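*Asks:* One structure follows; several queries about it will come next.
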Amino acid sequence: MNIRQLASKLQEVRDRNPLVHNITNVVVTNFTANGLLALGASPVMAYAKQEAADIAGIAGALVLNIGTLNEVEVEAMKIAGRAANERGVPVVLDPVGAGASAYRTETARSLLSAIRISIVRGNAAEVANLIGRDWAIRGVDAGATGGDVVGLAKEAALKLGTAVVVSGATDIVSDGTRTVAVHGGDAFLTRVTGAGCLLTSVIGAFAAVCEDPVEASVAALATYSVAAELAASRTREQGPGSFQIAFLDRLWSVTAGDVERLGKAEEIEG
Ligand SMILES: Nc1ncnc2c1ncn2[C@@H]1O[C@H](COP(=O)(O)OP(=O)(O)OP(=O)(O)O)[C@@H](O)[C@H]1O
Ligand SMILES: Cc1ncsc1CCO
Ligand SMILES: [Mg+2]
């Protein structure tokens, strides 16, 4: 994987300013919109079933996030997803809390069967539970880490027929054939709510400008990790509140050159 080439995708996001349609949760809505704007994409949140197809059909990417799901919203997700599929708009799924309740697990699975999804991004527990593997989860946060996340990402990609991003201290991307690890980032990301949700939407922004889901994911992850490292180095003494603001600032100012220089993508397979 040529990180040098992939870093240029960041500039493409900024040049093309893709519209990212998010049907996401109430906790992270504002942070997600601000993060996408800072990066150089154009967010829209649209939940009504009467407009879901229209908006998804003109978007560069559709991001579905079940963080605070309910029946009405899930129906809108399916309508948006089908419209996106018809128009060739990539769909990214964040199965927030899959495994924490049967409703979340079943909803994530039903979205995967109703819609052609390009990329699934979750923490290890969510991805494991989605494919029926037992993995500790508490609420929306991954439980104990240290399992075989590379094997998990690969198995999930093969089972789900999508690219899969398993986030954590090291992020893993796999489509079942190609597997890439992206190191770096900062643990401050786990102290800001919605860091995972915004990551999923950032992957959506890259998917809008990059057809290959593995490459789009690696470019997004490298950008995100480098921005987090730059933000953390300035706010270590303050804490998560200052980090959150600094992180938005770094999503704005991080350059393709920074990502090329500081990004740590490692091809494991393929
Ligand atoms: N220990 C860590 N060190 C560095 N970066 C981390 C660590 N844990 C997670 N991250 C980063 O935090 C971001 C969010 O990943 P995480 O796995 O925490 O998602 P999540 O559980 O879905 O988060 P949320 O539900 O709060 O949105 C990713 O960019 C990931 O690389
Ligand atoms: C805290 C929380 N609860 C449901 S969604 C969410 C945001 C992080 O996923
Ligand atoms: Mg999450």
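Naming works like this for the structure tokens: A, B, ... for the chains as they're shown, residue 1 at the start of each chain, ligands 1 onward in shown order.
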Can you list every residue in range 177-267 of chain A that DSSP puts in strand (DSSP E or B), as a list in words?
*Replies:*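 Those in range 177-267 of chain A that DSSP calls strand (DSSP E or B) are Thr179, Val180, Ala181, Val182, His183, Lys264, Ala265, Glu266 and Glu267 of chain A.
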*Asks:* Which residues are close to range 57-60 of chain A, i.e. within 7 Å by only C-alpha atoms, leaving aside same-chain residues fewer than 2 positions away? Reply as a list in words.
*Replies:* Pro18, Leu19, Val20, His21, Ala53, Asp54, Ile55, Leu62, Ala83, Ala84, Arg87, Val89 and Ala208 of chain A
*Asks:* Give me the residues within 9 Å of Ala231 in chain A as a list in words, counting only C-alpha atoms and dropping any in the same chain fewer than 4 places off.
*Replies:*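 Near neighbours after the sequence-gap exclusion: Asp186, Val226, Ala227, Thr235, Arg236, Ser242, Phe243, Gln244, Ile245, Ala246, Phe247, Leu248, Asp249 and Arg250 of chain A.
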*Asks:* Would you save the residues from that selection as an mmCIF file, in the first residue's frame, using C-alpha atoms?
*Replies:*
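Produced file result38.cif, reproduced below:
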```
data_model
loop_
_atom_site.group_PDB
_atom_site.id
_atom_site.type_symbol
_atom_site.label_atom_id
_atom_site.label_comp_id
_atom_site.auth_asym_id
_atom_site.auth_seq_id
_atom_site.Cartn_x
_atom_site.Cartn_y
_atom_site.Cartn_z
ATOM 1 C CA ASP A 186 -4.000 8.976 20.596
ATOM 2 C CA VAL A 226 -2.094 12.025 12.379
ATOM 3 C CA ALA A 227 -4.579 14.811 13.194
ATOM 4 C CA THR A 235 -3.240 19.517 24.708
ATOM 5 C CA ARG A 236 -1.614 16.780 26.803
ATOM 6 C CA SER A 242 -9.182 21.030 24.824
ATOM 7 C CA PHE A 243 -8.185 17.964 22.793
ATOM 8 C CA GLN A 244 -11.601 17.835 21.128
ATOM 9 C CA ILE A 245 -11.265 21.413 19.926
ATOM 10 C CA ALA A 246 -7.614 20.957 18.926
ATOM 11 C CA PHE A 247 -8.578 17.822 17.012
ATOM 12 C CA LEU A 248 -11.166 19.735 14.958
ATOM 13 C CA ASP A 249 -8.471 22.346 14.301
ATOM 14 C CA ARG A 250 -6.010 19.668 13.147
#
```
*Asks:* Write out as a list in words each polymer residue whose atoms come within 7 Å of Gly184 in chain A, counting only C-alpha atoms; drop sequence neighbours fewer than 3 positions from it.
*Replies:*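 Everything that qualifies: Thr170, Ser225 and Lys264 of chain A.
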*Asks:* With only C-alpha atoms and all ligand atoms counted and 7 Å as the cut-off, give the residues of chain A in contact with ligand 2, each with its shortest interatomic distance in Å and the pair that gives it, as JSON lines.
*Replies:*
```
{"residue": "A:Asn25", "atom": "CA", "partner": "ligand 2", "partner_atom_place_in_ligand_line": "5 (S)", "distance": 5.8}
{"residue": "A:Val27", "atom": "CA", "partner": "ligand 2", "partner_atom_place_in_ligand_line": "7 (C)", "distance": 5.2}
{"residue": "A:Val28", "atom": "CA", "partner": "ligand 2", "partner_atom_place_in_ligand_line": "7 (C)", "distance": 5.9}
{"residue": "A:Gly67", "atom": "CA", "partner": "ligand 2", "partner_atom_place_in_ligand_line": "5 (S)", "distance": 3.7}
{"residue": "A:Thr68", "atom": "CA", "partner": "ligand 2", "partner_atom_place_in_ligand_line": "4 (C)", "distance": 5.3}
{"residue": "A:Val96", "atom": "CA", "partner": "ligand 2", "partner_atom_place_in_ligand_line": "9 (O)", "distance": 5.9}
{"residue": "A:Val140", "atom": "CA", "partner": "ligand 2", "partner_atom_place_in_ligand_line": "9 (O)", "distance": 5.6}
{"residue": "A:Thr193", "atom": "CA", "partner": "ligand 2", "partner_atom_place_in_ligand_line": "8 (C)", "distance": 5.2}
{"residue": "A:Gly194", "atom": "CA", "partner": "ligand 2", "partner_atom_place_in_ligand_line": "8 (C)", "distance": 4.4}
{"residue": "A:Gly196", "atom": "CA", "partner": "ligand 2", "partner_atom_place_in_ligand_line": "9 (O)", "distance": 6.6}
{"residue": "A:Cys197", "atom": "CA", "partner": "ligand 2", "partner_atom_place_in_ligand_line": "9 (O)", "distance": 6.0}
```
*Asks:* Store the residues picked out above, limited to N, CA and C atoms, as a short mmCIF file (atom, residue, chain, number, x, y, z; two decimals), in the first residue's frame.
*Replies:*
```
data_model
loop_
_atom_site.label_atom_id
_atom_site.label_comp_id
_atom_site.auth_asym_id
_atom_site.auth_seq_id
_atom_site.Cartn_x
_atom_site.Cartn_y
_atom_site.Cartn_z
N ASN A 25 -26.47 9.31 15.25
CA ASN A 25 -27.11 9.34 16.56
C ASN A 25 -27.12 10.74 17.16
N VAL A 27 -26.19 11.81 19.99
CA VAL A 27 -25.04 12.21 20.83
C VAL A 27 -23.99 12.96 19.99
N VAL A 28 -23.75 12.47 18.78
CA VAL A 28 -22.57 12.90 18.03
C VAL A 28 -22.89 13.78 16.83
N GLY A 67 -26.41 4.45 16.57
CA GLY A 67 -26.10 4.80 17.96
C GLY A 67 -27.29 5.04 18.87
N THR A 68 -28.32 5.71 18.36
CA THR A 68 -29.54 5.93 19.16
C THR A 68 -30.75 5.55 18.30
N VAL A 96 -23.06 0.80 15.91
CA VAL A 96 -22.81 1.21 17.31
C VAL A 96 -23.53 0.30 18.30
N VAL A 140 -21.55 1.25 24.53
CA VAL A 140 -21.04 1.46 23.18
C VAL A 140 -19.52 1.37 23.11
N THR A 193 -16.60 11.69 23.23
CA THR A 193 -17.68 10.87 22.66
C THR A 193 -17.80 11.11 21.16
N GLY A 194 -18.01 10.04 20.46
CA GLY A 194 -18.21 10.16 19.03
C GLY A 194 -16.96 10.18 18.19
N GLY A 196 -15.31 7.64 17.38
CA GLY A 196 -15.52 6.53 16.44
C GLY A 196 -16.56 6.89 15.39
N CYS A 197 -17.62 7.53 15.83
CA CYS A 197 -18.70 7.90 14.90
C CYS A 197 -18.21 8.91 13.86
#
```
*Asks:* Could the residues of range 190-270 of chain A that have an atom at most 12 Å from range 149-157 of chain A be listed as a Markdown table, each with its closest atom pair and the distance in Å to one decimal, counting only C-alpha atoms and ordered by chain and ascending residue number?
*Replies:*
```
| residue | atom | partner | partner_atom | distance |
| --- | --- | --- | --- | --- |
| A:Pro213 | CA | A:Ala157 | CA | 11.6 |
| A:Val214 | CA | A:Ala157 | CA | 10.9 |
| A:Glu267 | CA | A:Val150 | CA | 11.4 |
| A:Ile268 | CA | A:Val150 | CA | 8.8 |
| A:Glu269 | CA | A:Lys154 | CA | 10.1 |
| A:Gly270 | CA | A:Lys154 | CA | 11.5 |
```
*Asks:* Throw together the list of residues within 9 Å of ligand 1, counting only C-alpha atoms and all ligand atoms, and drop it here as number ranges by chain.
*Replies:* A: 28, 67, 94-97, 121-126, 139-142, 166-171, 182-200, 221-222, 224-225, 228-229
*Asks:* Measuring between only C-alpha atoms and all ligand atoms, which one of A:Asn65, A:Ser253, A:Asn85, A:Gln11 shows the shortest distance to ligand 3?
*Replies:*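 Counting only C-alpha atoms and all ligand atoms, the residue closest to ligand 3 is A:Asn65.
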*Asks:* In Å, rounded to a single decimal, give me how far CA of Ala256 in chain A is from CA of Leu37 in chain A.
*Replies:* 16.9 Å
*Asks:* So how far away is CA of Ile119 in chain A from CA of Ile203 in chain A, in Å?
*Replies:*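 Atom-to-atom, CA of Ile203 in chain A to CA of Ile119 in chain A, that is 8.5 Å.
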*Asks:* My list of candidates is A:Ser101, A:Gln50, A:Val63, A:Arg116. Which is closest to Arg82 in chain A when distances are computed with only C-alpha atoms?
*Replies:*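 With only C-alpha atoms as the atom set, the closest residue is A:Arg116.
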*Asks:* What is the distance between CA of Val72 in chain A and CA of Val92 in chain A, in Å to one decimal?
*Replies:*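 The value is 19.4 Å.
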*Asks:* For Lys78 in chain A, which of A:Arg16, A:Arg133, A:Lys49, A:Arg234 is the closest residue, counting only C-alpha atoms?
*Replies:* A:Lys49
*Asks:* Please return, as a ChimeraX atom specification, all residues of range 115-207 of chain A that DSSP assigns to helix (DSSP H, G or I) on the basis of the backbone.
*Replies:* /A:124-130,149-160,187-191,195-207
